[in-house]
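**Student:** Handing over upload_10.cif, mmCIF, C-alpha atoms.
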```cif
data_coords
loop_
_atom_site.label_atom_id
_atom_site.label_comp_id
_atom_site.auth_asym_id
_atom_site.auth_seq_id
_atom_site.Cartn_x
_atom_site.Cartn_y
_atom_site.Cartn_z
CA MET N 271 -25.16 -61.52 13.17
CA PRO N 272 -22.26 -60.58 10.90
CA SER N 273 -19.61 -63.23 10.33
CA ALA N 274 -16.61 -63.30 12.65
CA PRO N 275 -13.28 -62.33 11.08
CA LEU N 276 -11.04 -65.10 9.79
CA LYS N 277 -7.25 -65.18 9.86
CA LEU N 278 -4.92 -66.07 6.98
CA VAL N 279 -1.97 -68.01 8.39
CA PRO N 280 0.95 -68.71 6.03
CA LEU N 281 2.01 -72.33 5.67
CA PRO N 282 5.46 -73.36 4.37
CA ALA N 283 5.83 -72.40 0.69
CA PHE N 284 6.06 -75.07 -1.99
CA LYS N 285 9.63 -76.05 -2.84
CA PRO N 286 11.68 -75.42 -4.83
CA ASP N 287 11.23 -71.72 -5.45
CA LEU N 288 10.65 -71.14 -9.15
CA TYR N 289 12.75 -67.94 -9.25
CA GLU N 290 10.63 -66.48 -12.04
CA ARG N 291 7.10 -65.21 -12.50
CA ALA N 292 4.51 -67.89 -11.87
CA TRP N 293 1.12 -67.38 -13.45
CA GLN N 294 -1.36 -69.96 -12.26
CA SER N 295 -1.69 -73.05 -10.02
CA ILE N 296 -4.42 -75.60 -10.76
CA PRO N 297 -5.25 -78.46 -8.36
CA HIS N 298 -6.00 -81.90 -9.77
CA PRO N 299 -9.74 -82.67 -9.43
CA THR N 300 -9.18 -85.78 -7.29
CA LEU N 301 -5.45 -86.34 -6.61
CA PRO N 302 -3.09 -84.41 -4.29
CA LEU N 303 -1.32 -82.61 -7.14
CA LEU N 304 -1.00 -78.95 -8.15
CA ALA N 305 0.12 -77.74 -11.61
CA THR N 306 1.89 -74.36 -11.66
CA ALA N 307 2.53 -72.56 -14.96
CA HIS N 308 5.74 -70.52 -15.19
CA HIS N 309 8.03 -69.41 -18.03
CA LYS N 310 7.86 -72.13 -20.74
CA ALA N 311 7.08 -74.94 -18.31
CA VAL N 312 4.67 -76.38 -15.77
CA THR N 313 5.87 -77.70 -12.43
CA VAL N 314 3.59 -80.26 -10.79
CA PHE N 315 3.79 -80.07 -7.00
CA SER N 316 2.74 -82.70 -4.49
CA LEU N 317 0.17 -81.49 -1.98
CA THR N 318 1.49 -84.17 0.39
CA THR N 319 5.14 -83.13 0.49
CA LEU N 320 4.69 -79.52 -0.76
CA SER N 321 7.58 -80.25 -3.13
CA ALA N 322 7.99 -80.81 -6.87
CA HIS N 323 6.56 -84.06 -8.26
CA SER N 324 7.52 -83.56 -11.92
CA THR N 325 7.99 -80.92 -14.61
CA LEU N 326 6.65 -80.46 -18.13
CA THR N 327 9.31 -78.82 -20.34
CA ASN N 328 10.42 -78.45 -23.96
CA GLY N 329 6.90 -78.29 -25.36
CA HIS N 330 6.42 -74.56 -25.95
CA GLU N 331 8.48 -71.76 -27.48
CA ARG N 332 6.95 -69.01 -25.35
CA SER N 333 5.47 -68.55 -21.88
CA VAL N 334 2.92 -71.07 -20.58
CA ARG N 335 0.15 -69.10 -18.91
CA SER N 336 -2.52 -71.70 -18.12
CA SER N 337 -3.17 -75.41 -17.72
CA THR N 338 -6.10 -77.75 -17.10
CA TRP N 339 -6.31 -81.35 -15.86
CA LYS N 340 -8.35 -83.86 -17.85
CA PRO N 341 -10.92 -85.34 -15.43
CA ASN N 342 -12.15 -88.88 -14.89
CA LEU N 343 -8.89 -90.76 -15.49
CA PRO N 344 -7.52 -93.64 -13.36
CA PRO N 345 -5.01 -92.51 -10.70
CA HIS N 346 -1.94 -93.87 -12.50
CA LYS N 347 -2.77 -91.87 -15.64
CA LEU N 348 -2.47 -88.09 -15.73
CA CYS N 349 -3.36 -85.78 -18.60
CA LEU N 350 -2.66 -82.05 -18.61
CA VAL N 351 -3.27 -79.46 -21.32
CA THR N 352 -1.07 -76.36 -21.40
CA GLY N 353 -1.91 -73.05 -23.08
CA SER N 354 0.98 -70.95 -24.33
CA PHE N 355 1.79 -67.54 -25.75
CA ASP N 356 3.22 -69.42 -28.76
CA SER N 357 -0.47 -69.74 -29.82
CA THR N 358 -0.63 -73.51 -29.27
CA ALA N 359 -2.09 -75.83 -26.65
CA GLY N 360 -0.17 -78.97 -25.72
CA LEU N 361 -1.72 -82.21 -24.46
CA TRP N 362 0.64 -84.09 -22.13
CA ARG N 363 0.38 -87.50 -20.51
CA TRP N 364 2.08 -89.08 -17.49
CA GLU N 365 1.65 -92.80 -16.90
CA ASP N 366 2.97 -95.35 -14.44
CA GLU N 367 1.36 -98.73 -14.95
CA GLY N 368 3.07 -99.93 -11.77
CA GLN N 369 0.88 -97.69 -9.65
CA SER N 370 -2.44 -99.17 -8.61
CA GLY N 371 -3.95 -96.40 -6.52
CA GLY N 372 -5.68 -97.53 -3.40
CA ASP N 373 -5.49 -96.33 0.17
CA ASN N 374 -1.97 -94.90 -0.17
CA LEU N 375 -2.71 -93.00 -3.36
CA GLU N 376 -1.27 -89.71 -2.20
CA VAL N 377 2.00 -91.45 -1.30
CA GLU N 378 2.23 -93.49 -4.48
CA ILE N 379 1.38 -90.73 -6.91
CA THR N 380 4.00 -88.41 -5.43
CA SER N 381 6.74 -90.96 -4.76
CA GLY N 382 8.49 -89.94 -7.98
CA ALA N 383 9.59 -86.71 -6.32
CA ASN N 384 12.23 -88.66 -4.41
CA SER N 385 13.58 -90.71 -7.31
CA ASP N 386 16.57 -89.77 -9.43
CA ASP N 387 14.70 -89.73 -12.73
CA ALA N 388 11.55 -87.96 -11.51
CA GLY N 389 10.20 -85.56 -14.08
CA GLU N 390 12.39 -86.87 -16.92
CA LYS N 391 10.65 -89.99 -18.16
CA ASP N 392 7.18 -89.26 -16.84
CA TRP N 393 5.58 -86.52 -18.97
CA GLU N 394 5.23 -86.86 -22.74
CA LEU N 395 3.86 -84.24 -25.14
CA ILE N 396 1.31 -86.19 -27.20
CA VAL N 397 -0.64 -83.64 -29.25
CA VAL N 398 -0.17 -79.99 -30.19
CA LEU N 399 -3.46 -78.20 -30.87
CA ASP N 400 -2.78 -75.47 -33.39
CA GLY N 401 -5.17 -72.90 -34.86
CA HIS N 402 -5.19 -69.70 -32.84
CA ASP N 403 -3.59 -66.67 -34.48
CA SER N 404 -2.13 -65.29 -31.27
CA GLU N 405 -1.34 -66.01 -27.62
CA ILE N 406 -3.53 -68.53 -25.80
CA LYS N 407 -4.66 -67.00 -22.50
CA SER N 408 -6.71 -69.81 -20.95
CA VAL N 409 -7.56 -73.51 -21.38
CA ALA N 410 -10.30 -75.51 -19.65
CA PHE N 411 -11.72 -79.05 -19.83
CA SER N 412 -15.47 -79.61 -19.59
CA PRO N 413 -16.60 -81.68 -16.56
CA SER N 414 -16.78 -84.88 -18.64
CA GLY N 415 -13.49 -84.25 -20.43
CA GLN N 416 -15.23 -84.51 -23.80
CA PHE N 417 -14.63 -80.86 -24.68
CA LEU N 418 -11.66 -78.54 -24.31
CA ALA N 419 -12.02 -74.76 -24.57
CA THR N 420 -9.17 -72.43 -25.47
CA CYS N 421 -9.20 -68.65 -25.81
CA SER N 422 -6.78 -66.16 -27.19
CA ARG N 423 -5.62 -62.65 -27.84
CA ASP N 424 -7.04 -63.18 -31.33
CA LYS N 425 -10.51 -62.50 -29.78
CA SER N 426 -11.74 -66.06 -30.34
CA VAL N 427 -12.84 -69.03 -28.26
CA TRP N 428 -12.24 -72.47 -29.73
CA VAL N 429 -14.07 -75.62 -28.63
CA TRP N 430 -12.25 -78.90 -29.29
CA GLU N 431 -13.84 -82.35 -28.94
CA ASP N 432 -12.17 -85.63 -28.05
CA VAL N 433 -13.33 -87.90 -30.89
CA GLY N 434 -10.98 -90.82 -30.23
CA ALA N 435 -12.54 -94.26 -29.86
CA THR N 436 -10.50 -94.80 -26.69
CA GLU N 437 -8.70 -92.57 -24.21
CA ALA N 438 -5.34 -93.51 -25.78
CA ASP N 439 -6.35 -92.38 -29.28
CA ASP N 440 -5.87 -88.65 -28.59
CA GLU N 441 -7.86 -87.52 -31.61
CA TRP N 442 -9.22 -83.98 -31.32
CA GLU N 443 -11.46 -82.00 -33.66
CA THR N 444 -12.33 -78.33 -33.69
CA VAL N 445 -16.12 -78.17 -33.33
CA ALA N 446 -16.54 -74.42 -32.89
CA VAL N 447 -14.67 -71.15 -33.39
CA LEU N 448 -16.54 -68.39 -31.54
CA ASN N 449 -15.67 -64.89 -32.68
CA GLU N 450 -18.22 -62.59 -31.03
CA HIS N 451 -15.94 -60.93 -28.47
CA GLU N 452 -14.59 -57.52 -29.50
CA GLY N 453 -11.36 -57.81 -27.52
CA ASP N 454 -8.80 -60.35 -26.31
CA VAL N 455 -10.48 -63.27 -24.54
CA LYS N 456 -8.80 -63.66 -21.17
CA ALA N 457 -10.49 -66.69 -19.61
CA VAL N 458 -12.87 -69.60 -20.22
CA ALA N 459 -14.72 -71.74 -17.67
CA TRP N 460 -17.18 -74.64 -17.98
CA CYS N 461 -20.23 -74.91 -15.75
CA PRO N 462 -19.87 -77.80 -13.26
CA ASP N 463 -22.25 -80.77 -13.31
CA THR N 464 -24.01 -79.57 -10.16
CA ASN N 465 -27.67 -78.64 -10.67
CA ARG N 466 -27.57 -78.93 -14.44
CA SER N 467 -27.35 -82.66 -15.20
CA GLY N 468 -30.61 -84.34 -16.09
CA ARG N 469 -32.41 -81.07 -16.78
CA GLY N 470 -33.77 -81.39 -20.28
CA ARG N 471 -34.17 -77.66 -20.77
CA TYR N 472 -30.40 -77.16 -20.64
CA SER N 473 -27.78 -78.27 -23.10
CA SER N 474 -25.31 -80.71 -21.60
CA ASP N 475 -22.37 -78.28 -21.49
CA VAL N 476 -22.27 -74.56 -20.75
CA LEU N 477 -19.23 -72.34 -21.31
CA ALA N 478 -18.44 -68.82 -20.08
CA SER N 479 -15.76 -66.53 -21.52
CA ALA N 480 -14.34 -63.28 -20.13
CA SER N 481 -12.80 -60.58 -22.29
CA TYR N 482 -10.86 -57.35 -22.56
CA ASP N 483 -14.07 -55.96 -24.10
CA ASP N 484 -15.43 -55.69 -20.51
CA THR N 485 -18.04 -58.44 -21.04
CA VAL N 486 -18.70 -62.08 -20.25
CA ARG N 487 -20.46 -64.32 -22.75
CA ILE N 488 -22.39 -67.54 -22.12
CA TRP N 489 -22.23 -70.23 -24.80
CA ARG N 490 -24.39 -73.33 -25.28
CA GLU N 491 -24.66 -76.08 -27.86
CA ASP N 492 -28.03 -76.13 -29.63
CA GLY N 493 -29.95 -79.10 -30.96
CA GLU N 494 -28.04 -79.08 -34.23
CA GLY N 495 -24.61 -79.11 -32.61
CA GLU N 496 -24.02 -75.39 -33.17
CA TRP N 497 -22.36 -73.43 -30.35
CA VAL N 498 -24.12 -70.09 -29.92
CA CYS N 499 -23.94 -67.14 -27.54
CA VAL N 500 -27.08 -67.03 -25.39
CA ALA N 501 -26.16 -64.13 -23.09
CA VAL N 502 -23.84 -61.14 -22.84
CA LEU N 503 -23.13 -60.02 -19.27
CA GLU N 504 -22.45 -56.29 -19.21
CA GLY N 505 -21.73 -54.13 -16.20
CA HIS N 506 -18.00 -54.24 -15.59
CA GLU N 507 -16.18 -51.02 -16.49
CA GLY N 508 -12.83 -52.58 -17.35
CA THR N 509 -11.22 -55.79 -18.59
CA VAL N 510 -12.89 -58.87 -17.13
CA TRP N 511 -9.86 -60.86 -16.02
CA GLY N 512 -11.66 -64.05 -15.10
CA VAL N 513 -14.81 -66.01 -14.43
CA GLN N 514 -15.76 -68.97 -12.22
CA TRP N 515 -19.01 -70.87 -11.86
CA GLU N 516 -20.47 -71.50 -8.43
CA PRO N 517 -18.92 -74.90 -7.63
CA ASN N 518 -21.51 -76.15 -5.14
CA PRO N 519 -24.82 -74.25 -5.09
CA ARG N 520 -26.57 -74.31 -1.74
CA THR N 521 -29.96 -74.42 -3.47
CA GLU N 522 -31.47 -76.21 -6.47
CA ARG N 523 -30.97 -73.15 -8.64
CA PHE N 524 -28.70 -73.14 -11.66
CA PRO N 525 -25.09 -72.30 -10.64
CA ARG N 526 -24.29 -68.59 -10.38
CA LEU N 527 -21.31 -66.94 -12.02
CA LEU N 528 -18.48 -64.99 -10.35
CA THR N 529 -16.52 -62.43 -12.40
CA TRP N 530 -13.65 -60.08 -11.55
CA SER N 531 -12.23 -57.12 -13.35
CA ALA N 532 -9.75 -54.29 -13.82
CA ASP N 533 -12.51 -52.07 -12.41
CA LYS N 534 -11.57 -53.51 -8.96
CA THR N 535 -14.92 -55.23 -8.47
CA LEU N 536 -16.18 -58.79 -8.15
CA ARG N 537 -19.72 -59.48 -9.32
CA VAL N 538 -22.11 -62.39 -8.94
CA TRP N 539 -24.55 -63.13 -11.77
CA THR N 540 -27.71 -65.25 -11.60
CA LEU N 541 -29.72 -66.90 -14.38
CA LYS N 542 -33.38 -65.95 -14.32
CA GLU N 543 -35.40 -69.17 -14.11
CA GLU N 544 -39.16 -69.65 -14.19
CA ASP N 545 -40.42 -71.63 -11.20
CA ASP N 546 -44.13 -71.81 -11.92
CA GLU N 547 -44.18 -74.08 -14.96
CA ALA N 548 -45.08 -77.74 -14.92
CA GLU N 549 -42.39 -80.18 -13.88
CA GLY N 550 -40.43 -81.44 -16.83
CA ALA N 551 -41.51 -78.59 -19.11
CA SER N 552 -39.17 -76.10 -20.65
CA ARG N 553 -38.37 -73.49 -17.99
CA HIS N 554 -36.47 -70.91 -19.97
CA ALA N 555 -36.07 -69.68 -23.49
CA TRP N 556 -33.45 -72.24 -24.48
CA GLY N 557 -35.68 -75.28 -23.97
CA GLY N 558 -37.86 -76.97 -26.56
CA LEU N 559 -36.04 -75.81 -29.69
CA GLY N 560 -37.04 -78.67 -31.94
CA GLY N 561 -38.40 -77.53 -35.28
CA ILE N 562 -37.42 -73.89 -34.80
CA PRO N 563 -35.36 -72.55 -37.73
CA ASN N 564 -31.73 -71.91 -36.82
CA THR N 565 -32.03 -68.19 -37.56
CA MET N 566 -34.78 -67.90 -34.96
CA ARG N 567 -32.99 -70.16 -32.50
CA ARG N 568 -30.00 -67.84 -32.40
CA SER N 569 -32.24 -64.98 -31.27
CA LEU N 570 -33.38 -66.80 -28.15
CA LYS N 571 -31.39 -65.39 -25.24
CA GLU N 572 -31.03 -66.16 -21.57
CA GLU N 573 -31.49 -63.49 -18.94
CA TRP N 574 -28.63 -63.13 -16.48
CA THR N 575 -28.73 -60.48 -13.77
CA CYS N 576 -25.96 -59.08 -11.59
CA THR N 577 -27.31 -59.95 -8.15
CA ALA N 578 -24.33 -58.90 -6.04
CA THR N 579 -21.27 -56.66 -6.13
CA LEU N 580 -18.85 -57.73 -3.42
CA PRO N 581 -17.45 -55.15 -0.96
CA THR N 582 -14.43 -53.21 -2.20
CA ALA N 583 -11.10 -54.63 -1.01
CA HIS N 584 -8.68 -53.93 -3.85
CA THR N 585 -7.02 -50.72 -5.04
CA ARG N 586 -5.93 -52.05 -8.45
CA ASP N 587 -6.88 -54.78 -10.96
CA ILE N 588 -8.26 -58.04 -9.56
CA TYR N 589 -6.40 -60.77 -11.44
CA SER N 590 -7.93 -63.87 -9.90
CA ALA N 591 -10.67 -65.07 -7.58
CA THR N 592 -11.72 -68.49 -6.34
CA TRP N 593 -15.03 -69.77 -4.94
CA SER N 594 -14.81 -72.64 -2.45
CA ALA N 595 -17.02 -75.68 -3.01
CA GLU N 596 -16.70 -76.61 0.67
CA THR N 597 -17.21 -73.37 2.58
CA GLY N 598 -18.67 -71.02 -0.02
CA LEU N 599 -15.91 -68.51 0.77
CA VAL N 600 -14.55 -66.38 -2.07
CA ALA N 601 -10.92 -65.22 -2.14
CA SER N 602 -9.49 -62.61 -4.51
CA VAL N 603 -5.98 -61.40 -5.38
CA GLY N 604 -4.47 -58.94 -7.79
CA SER N 605 -2.05 -56.25 -8.79
CA ASP N 606 -2.08 -54.62 -5.34
CA GLY N 607 -0.67 -57.72 -3.58
CA ILE N 608 -3.75 -58.03 -1.36
CA ILE N 609 -5.56 -61.25 -0.49
CA ALA N 610 -9.21 -60.66 0.42
CA VAL N 611 -11.65 -63.31 1.65
CA TYR N 612 -15.42 -62.82 1.49
CA LYS N 613 -18.34 -64.69 3.02
CA GLU N 614 -21.91 -64.70 1.78
CA GLU N 615 -24.42 -63.84 4.47
CA THR N 616 -27.74 -65.64 4.37
CA PRO N 617 -30.93 -63.75 5.28
CA GLU N 618 -31.06 -65.82 8.46
CA THR N 619 -27.65 -64.58 9.61
CA ASN N 620 -27.96 -60.90 8.80
CA GLY N 621 -31.69 -60.52 9.28
CA THR N 622 -32.24 -58.70 6.01
CA THR N 623 -33.45 -59.33 2.51
CA PRO N 624 -30.62 -59.01 -0.03
CA ALA N 625 -30.81 -55.53 -1.48
CA THR N 626 -29.72 -56.51 -4.97
CA THR N 627 -31.60 -59.78 -5.36
CA THR N 628 -34.26 -59.68 -8.07
CA THR N 629 -37.64 -60.50 -6.52
CA GLU N 630 -40.47 -62.18 -8.42
CA ASP N 631 -42.30 -58.86 -8.67
CA GLU N 632 -39.20 -57.13 -10.01
CA ALA N 633 -38.63 -59.90 -12.52
CA ALA N 634 -42.22 -59.53 -13.72
CA ALA N 635 -41.73 -55.78 -14.02
CA GLU N 636 -38.69 -56.37 -16.19
CA LEU N 637 -40.62 -58.69 -18.45
CA ASP N 638 -43.44 -56.14 -18.69
CA GLY N 639 -40.98 -53.44 -19.69
CA ASP N 640 -41.32 -51.40 -16.48
CA VAL N 641 -37.62 -51.84 -15.64
CA PRO N 642 -34.96 -51.19 -18.30
CA VAL N 643 -33.16 -54.34 -19.39
CA SER N 644 -29.99 -54.39 -21.49
CA ASN N 645 -28.43 -57.59 -22.84
CA GLY N 646 -29.59 -59.89 -20.09
CA HIS N 647 -29.25 -57.60 -17.07
CA SER N 648 -31.08 -54.61 -15.71
CA ASP N 649 -29.64 -51.29 -14.65
CA ARG N 650 -29.73 -52.69 -11.14
CA SER N 651 -26.39 -54.40 -11.92
CA ARG N 652 -24.70 -51.04 -11.28
CA SER N 653 -26.10 -50.90 -7.77
CA ALA N 654 -24.15 -50.41 -4.54
CA PRO N 655 -22.26 -53.33 -2.98
CA SER N 656 -24.55 -56.08 -1.76
CA ASN N 657 -25.09 -56.54 1.96
CA ARG N 658 -25.14 -60.28 1.33
CA TRP N 659 -21.34 -60.46 1.20
CA ALA N 660 -18.84 -59.35 3.83
CA ILE N 661 -15.05 -59.18 3.93
CA VAL N 662 -13.93 -61.61 6.64
CA SER N 663 -10.16 -61.48 6.08
CA GLN N 664 -7.67 -59.26 4.33
CA ARG N 665 -3.88 -59.42 4.05
CA ALA N 666 -1.66 -56.82 2.39
CA ASN N 667 1.75 -57.57 0.85
CA ALA N 668 0.97 -61.28 0.83
CA HIS N 669 3.85 -61.83 -1.64
CA GLY N 670 5.89 -58.87 -0.45
CA PRO N 671 6.01 -56.10 -3.09
CA TYR N 672 5.03 -58.47 -5.89
CA GLU N 673 1.75 -58.82 -7.79
CA ILE N 674 -0.34 -61.92 -7.12
CA ASN N 675 -1.50 -63.55 -10.35
CA HIS N 676 -3.67 -66.41 -9.14
CA ALA N 677 -5.52 -67.91 -6.19
CA THR N 678 -7.19 -71.27 -5.75
CA TRP N 679 -8.71 -73.38 -2.99
CA CYS N 680 -7.42 -76.93 -2.68
CA LYS N 681 -7.47 -79.81 -0.20
CA ARG N 682 -4.74 -80.28 2.38
CA TYR N 683 -2.67 -83.46 2.46
CA ASP N 684 0.51 -82.04 4.03
CA ALA N 685 2.15 -83.21 7.26
CA GLY N 686 0.90 -80.15 9.14
CA CYS N 687 -2.72 -81.17 8.62
CA PRO N 688 -4.28 -83.47 11.25
CA PRO N 689 -4.69 -86.99 9.76
CA GLU N 690 -8.45 -86.94 10.19
CA LYS N 691 -8.69 -83.73 8.16
CA LYS N 692 -6.46 -84.71 5.24
CA GLY N 693 -8.34 -84.51 1.96
CA ILE N 694 -11.11 -82.59 3.74
CA GLU N 695 -9.70 -79.35 5.12
CA GLU N 696 -9.02 -76.64 2.56
CA MET N 697 -6.17 -74.21 2.15
CA LEU N 698 -5.79 -71.20 -0.12
CA VAL N 699 -2.88 -71.27 -2.58
CA THR N 700 -1.61 -68.04 -4.16
CA THR N 701 0.84 -67.72 -7.05
CA GLY N 702 2.86 -64.57 -7.68
CA ASP N 703 5.45 -62.62 -9.61
CA ASP N 704 8.01 -63.59 -6.97
CA GLY N 705 7.98 -67.17 -8.25
CA LEU N 706 6.52 -68.45 -4.99
CA VAL N 707 3.52 -70.71 -4.60
CA ARG N 708 2.21 -69.93 -1.13
CA PRO N 709 -0.35 -71.99 0.84
CA TRP N 710 -2.49 -70.30 3.50
CA GLN N 711 -4.54 -71.80 6.30
CA ILE N 712 -7.87 -70.16 7.10
CA ILE N 713 -8.63 -70.10 10.83
#
```
Could you show the structure in this file as C-alpha cells?
**Tutor:**
Amino acid sequence: MPSAPLKLVPLPAFKPDLYERAWQSIPHPTLPLLATAHHKAVTVFSLTTLSAHSTLTNGHERSVRSSTWKPNLPPHKLCLVTGSFDSTAGLWRWEDEGQSGGDNLEVEITSGANSDDAGEKDWELIVVLDGHDSEIKSVAFSPSGQFLATCSRDKSVWVWEDVGATEADDEWETVAVLNEHEGDVKAVAWCPDTNRSGRGRYSSDVLASASYDDTVRIWREDGEGEWVCVAVLEGHEGTVWGVQWEPNPRTERFPRLLTWSADKTLRVWTLKEEDDEAEGASRHAWGGLGGIPNTMRRSLKEEWTCTATLPTAHTRDIYSATWSAETGLVASVGSDGIIAVYKEETPETNGTTPATTTTEDEAAAELDGDVPVSNGHSDRSRSAPSNRWAIVSQRANAHGPYEINHATWCKRYDAGCPPEKKGIEEMLVTTGDDGLVRPWQII
C-alpha cells in the first residue's frame, strides 16, 4: 500500500529573527545546538529554548556560507569551522571548563543564552585556513574529525588534516588539493561510519563533491596517502547544488548517495558491490592495491549507478535536501519556496520490484558490454522517476515569497516536545532568504 500523506506543522521560529539572508543551519552531532550561517557571522541557537545561544563574529570579511561542527569533543568544548566568501575557513572554539555535562546537558550548554555576556567571551577564532583562490562554498569534517574538506569557486577541493599532538594544538596541514572538477565546487560531504568501518577493501574515509559542472565526484585515499577520484557521477543536466550520504542504511550495503540539482531533480546513486566473493577478500576494484604502480592504481574506478530519480515536486532549482537517519524520509527545498517530503517504498509495501534498481543479471550485462556504461553509470540513470519513492508531504510558500536555502533534520528538545520524546523525535528545520530559521513538525 502507498504511504499515507504526512503533514508539515510549523513550530515557533527560532529567535531572534536574523533580518538578513540566512544560508545554512547545521545541528551539532550530539548536543542540542544549531549553527546558522548569515552575513559575516554564525548564530548558534539552542534547540531547547529555540533562542540564540551565542554568536561568532569579526572573523570574516565577506559572507559566511557554511559551517561544520568538529565531532567527538567533550560537551563543554565546542569547535566550529566556518567557510567564507573571503576565501578562508576559520576554526573557532568555545569552552566552559565549569560545565561538566551530565543529565542536564541541554540546560547547561544553553544556559549562556540568559547571561549578560553570552556570545561575547565564549567563541574565539583560533586558526584561519588560507589557500583557496576564491569563495569557499562548503566545509565538512570527516566522521573522526581527523580531516576537514573545503571547496571553492576556484574549482578545487582541499583536504586538511589535524596533525596536532593534542586537541588543543590546532595544527592543520593541507594533504590534498583536488582539481579535477571543471566548474565551481558547490558542496562536499564525507561518508558516515555506517557500513564502511572495518571493511578492508575500503579506504577509511570517503569524500563526495558536487559541482557547477553538473557532476559529482567520489574521492578516496589510496595506500600511499594520495587522494584520487575513483568515480564521476554523471546524469544531472544542471548544477549539482549538493550531496548527502545515506546516514543510516537499512541494509549491509555501502551507503547510497543523494544529489540534487538545478535540473529540479533529486537522484539516488548506489555503489556496485560484488557479493559472491569469499569473505574478507577484496570485493571491488579499489581493494588489494599493494604493489600496483601508482599510474595503474589511478585507473581503477568504482561503478556507481543512479538507482532512483525522486518524483518531481519543484519548479525551480533545488538548493538543499536532507535524508533522515531516523525515519529514512528525504526533504527538499529550493528557489520555488516549496518544501517536499519523500518516503522510500519497500517492495513489501508497494508490491513491486523497483523499476530502476540494477539486478544481478543487468549488472552482468553491463560488465559484458551488453549495456552501455559511461563513467560509472549506465544510460538507465536517465530513466523515469522511480516507483520506490513517493511524495508524502508538500508545502508551498513555506517562507512566504522568499527562497529557501537549506533544510536539515534535527532532534527536538524544545518545551513543546513531550519529555519522553526529547532527543528522539525529529523536526525539519528550514533556513531562508527572509532571515528566519523555521522548525516544522512532521505528523
**Student:** List the residues selected by the PyMOL selection byres ((chain N and resi 615) around 6) in the file shown, writing them as a PyMOL selection string.
**Tutor:** chain N and resi 614+616+658-659
**Student:** Export, as a PDB file, in the frame of the given file, the selected residues with C-alpha atoms.
**Tutor:**
```pdb
ATOM      1  CA  GLU N 614     -21.910 -64.700   1.780  1.00  0.00           C
ATOM      2  CA  THR N 616     -27.740 -65.640   4.370  1.00  0.00           C
ATOM      3  CA  ARG N 658     -25.140 -60.280   1.330  1.00  0.00           C
ATOM      4  CA  TRP N 659     -21.340 -60.460   1.200  1.00  0.00           C
TER       5      TRP N 659
END
```
**Student:** Which residue is closest to N:Trp497? Choose from N:Pro297, N:Glu441, N:Cys687, N:Val427 and count all atoms listed in the file.
**Tutor:** N:Val427
**Student:** Could you state which residues are captured by the PyMOL selection byres ((chain N and resi 574) around 8) in this file, as a list in words?
**Tutor:**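 So the PyMOL selection byres ((chain N and resi 574) around 8) ends up selecting Ala501, Leu503, Trp539, Thr540, Leu541, Lys542, Glu572, Glu573, Thr575, Cys576, Gly646 and His647 of chain N.
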**Student:** Between atom CA of N:Leu288 and atom CA of N:Thr420, measure the distance and give it in Å to one decimal.
**Tutor:**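 Atom CA of N:Leu288 sits 25.7 Å away from atom CA of N:Thr420.
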**Student:** Atom CA of N:Glu491 and atom CA of N:Leu477 are how many Å apart?
**Tutor:** 9.3 Å
**Student:** Using only C-alpha atoms, find the one residue out of N:Pro344, N:Gly670, N:Pro286, N:Pro302 that sits nearest to N:Val707.
**Tutor:** N:Pro286
**Student:** Can you tell me, as a list in words, what residues are no more than 7 Å from N:Thr318 when counting all atoms listed in the file, ignoring any on the same chain fewer than 3 positions away?
**Tutor:**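 Once the adjacent positions are removed, what remains is Pro302, Glu376, Tyr683, Asp684 and Ala685 of chain N.
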**Student:** In Å, with one decimal, what is the gap from atom CA of N:Ser354 to atom CA of N:Arg332?
**Tutor:**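 Separation of atom CA of N:Ser354 and atom CA of N:Arg332: 6.4 Å.
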**Student:** Since I can't run it myself right now, could you work out what the PyMOL selection byres ((chain N and resi 337) around 7) selects here and report it as a list of chain:residue names?
**Tutor:**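 Selection result, ordered by chain and number: N:Ala307, N:Ser336, N:Thr338, N:Trp339, N:Leu350, N:Val351, N:Thr352, N:Gly353, N:Val409.
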**Student:** Residues at most 10 Å from N:Leu448, counting only C-alpha atoms, excluding those fewer than 4 positions away in the same chain, as a PDB file with C-alpha atoms, in the frame of the given file?
**Tutor:**
```
ATOM      1  CA  CYS N 421      -9.200 -68.650 -25.810  1.00  0.00           C
ATOM      2  CA  LYS N 425     -10.510 -62.500 -29.780  1.00  0.00           C
ATOM      3  CA  SER N 426     -11.740 -66.060 -30.340  1.00  0.00           C
ATOM      4  CA  VAL N 427     -12.840 -69.030 -28.260  1.00  0.00           C
ATOM      5  CA  TRP N 428     -12.240 -72.470 -29.730  1.00  0.00           C
ATOM      6  CA  VAL N 429     -14.070 -75.620 -28.630  1.00  0.00           C
ATOM      7  CA  TRP N 489     -22.230 -70.230 -24.800  1.00  0.00           C
ATOM      8  CA  TRP N 497     -22.360 -73.430 -30.350  1.00  0.00           C
ATOM      9  CA  VAL N 498     -24.120 -70.090 -29.920  1.00  0.00           C
ATOM     10  CA  CYS N 499     -23.940 -67.140 -27.540  1.00  0.00           C
TER      11      CYS N 499
END
```
**Student:** Complete stretch 460-465 of chain N with N, CA and C atoms (output as an mmCIF file, in the coordinates of the input).
**Tutor:**
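So the final result, stored in rebuild-v7.cif, reads:
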```cif
data_model
loop_
_atom_site.group_PDB
_atom_site.id
_atom_site.type_symbol
_atom_site.label_atom_id
_atom_site.label_comp_id
_atom_site.auth_asym_id
_atom_site.auth_seq_id
_atom_site.Cartn_x
_atom_site.Cartn_y
_atom_site.Cartn_z
ATOM 1 N N TRP N 460 -16.008 -73.792 -17.746
ATOM 2 C CA TRP N 460 -17.180 -74.640 -17.980
ATOM 3 C C TRP N 460 -18.019 -74.721 -16.707
ATOM 4 N N CYS N 461 -19.326 -74.734 -16.893
ATOM 5 C CA CYS N 461 -20.230 -74.910 -15.750
ATOM 6 C C CYS N 461 -20.064 -76.319 -15.181
ATOM 7 N N PRO N 462 -19.978 -76.457 -13.857
ATOM 8 C CA PRO N 462 -19.870 -77.800 -13.260
ATOM 9 C C PRO N 462 -21.154 -78.592 -13.436
ATOM 10 N N ASP N 463 -21.076 -79.897 -13.163
ATOM 11 C CA ASP N 463 -22.250 -80.770 -13.310
ATOM 12 C C ASP N 463 -23.374 -80.413 -12.352
ATOM 13 N N THR N 464 -23.029 -79.810 -11.222
ATOM 14 C CA THR N 464 -24.010 -79.570 -10.160
ATOM 15 C C THR N 464 -25.209 -78.798 -10.668
ATOM 16 N N ASN N 465 -26.398 -79.320 -10.399
ATOM 17 C CA ASN N 465 -27.670 -78.640 -10.670
ATOM 18 C C ASN N 465 -27.937 -78.380 -12.143
#
```
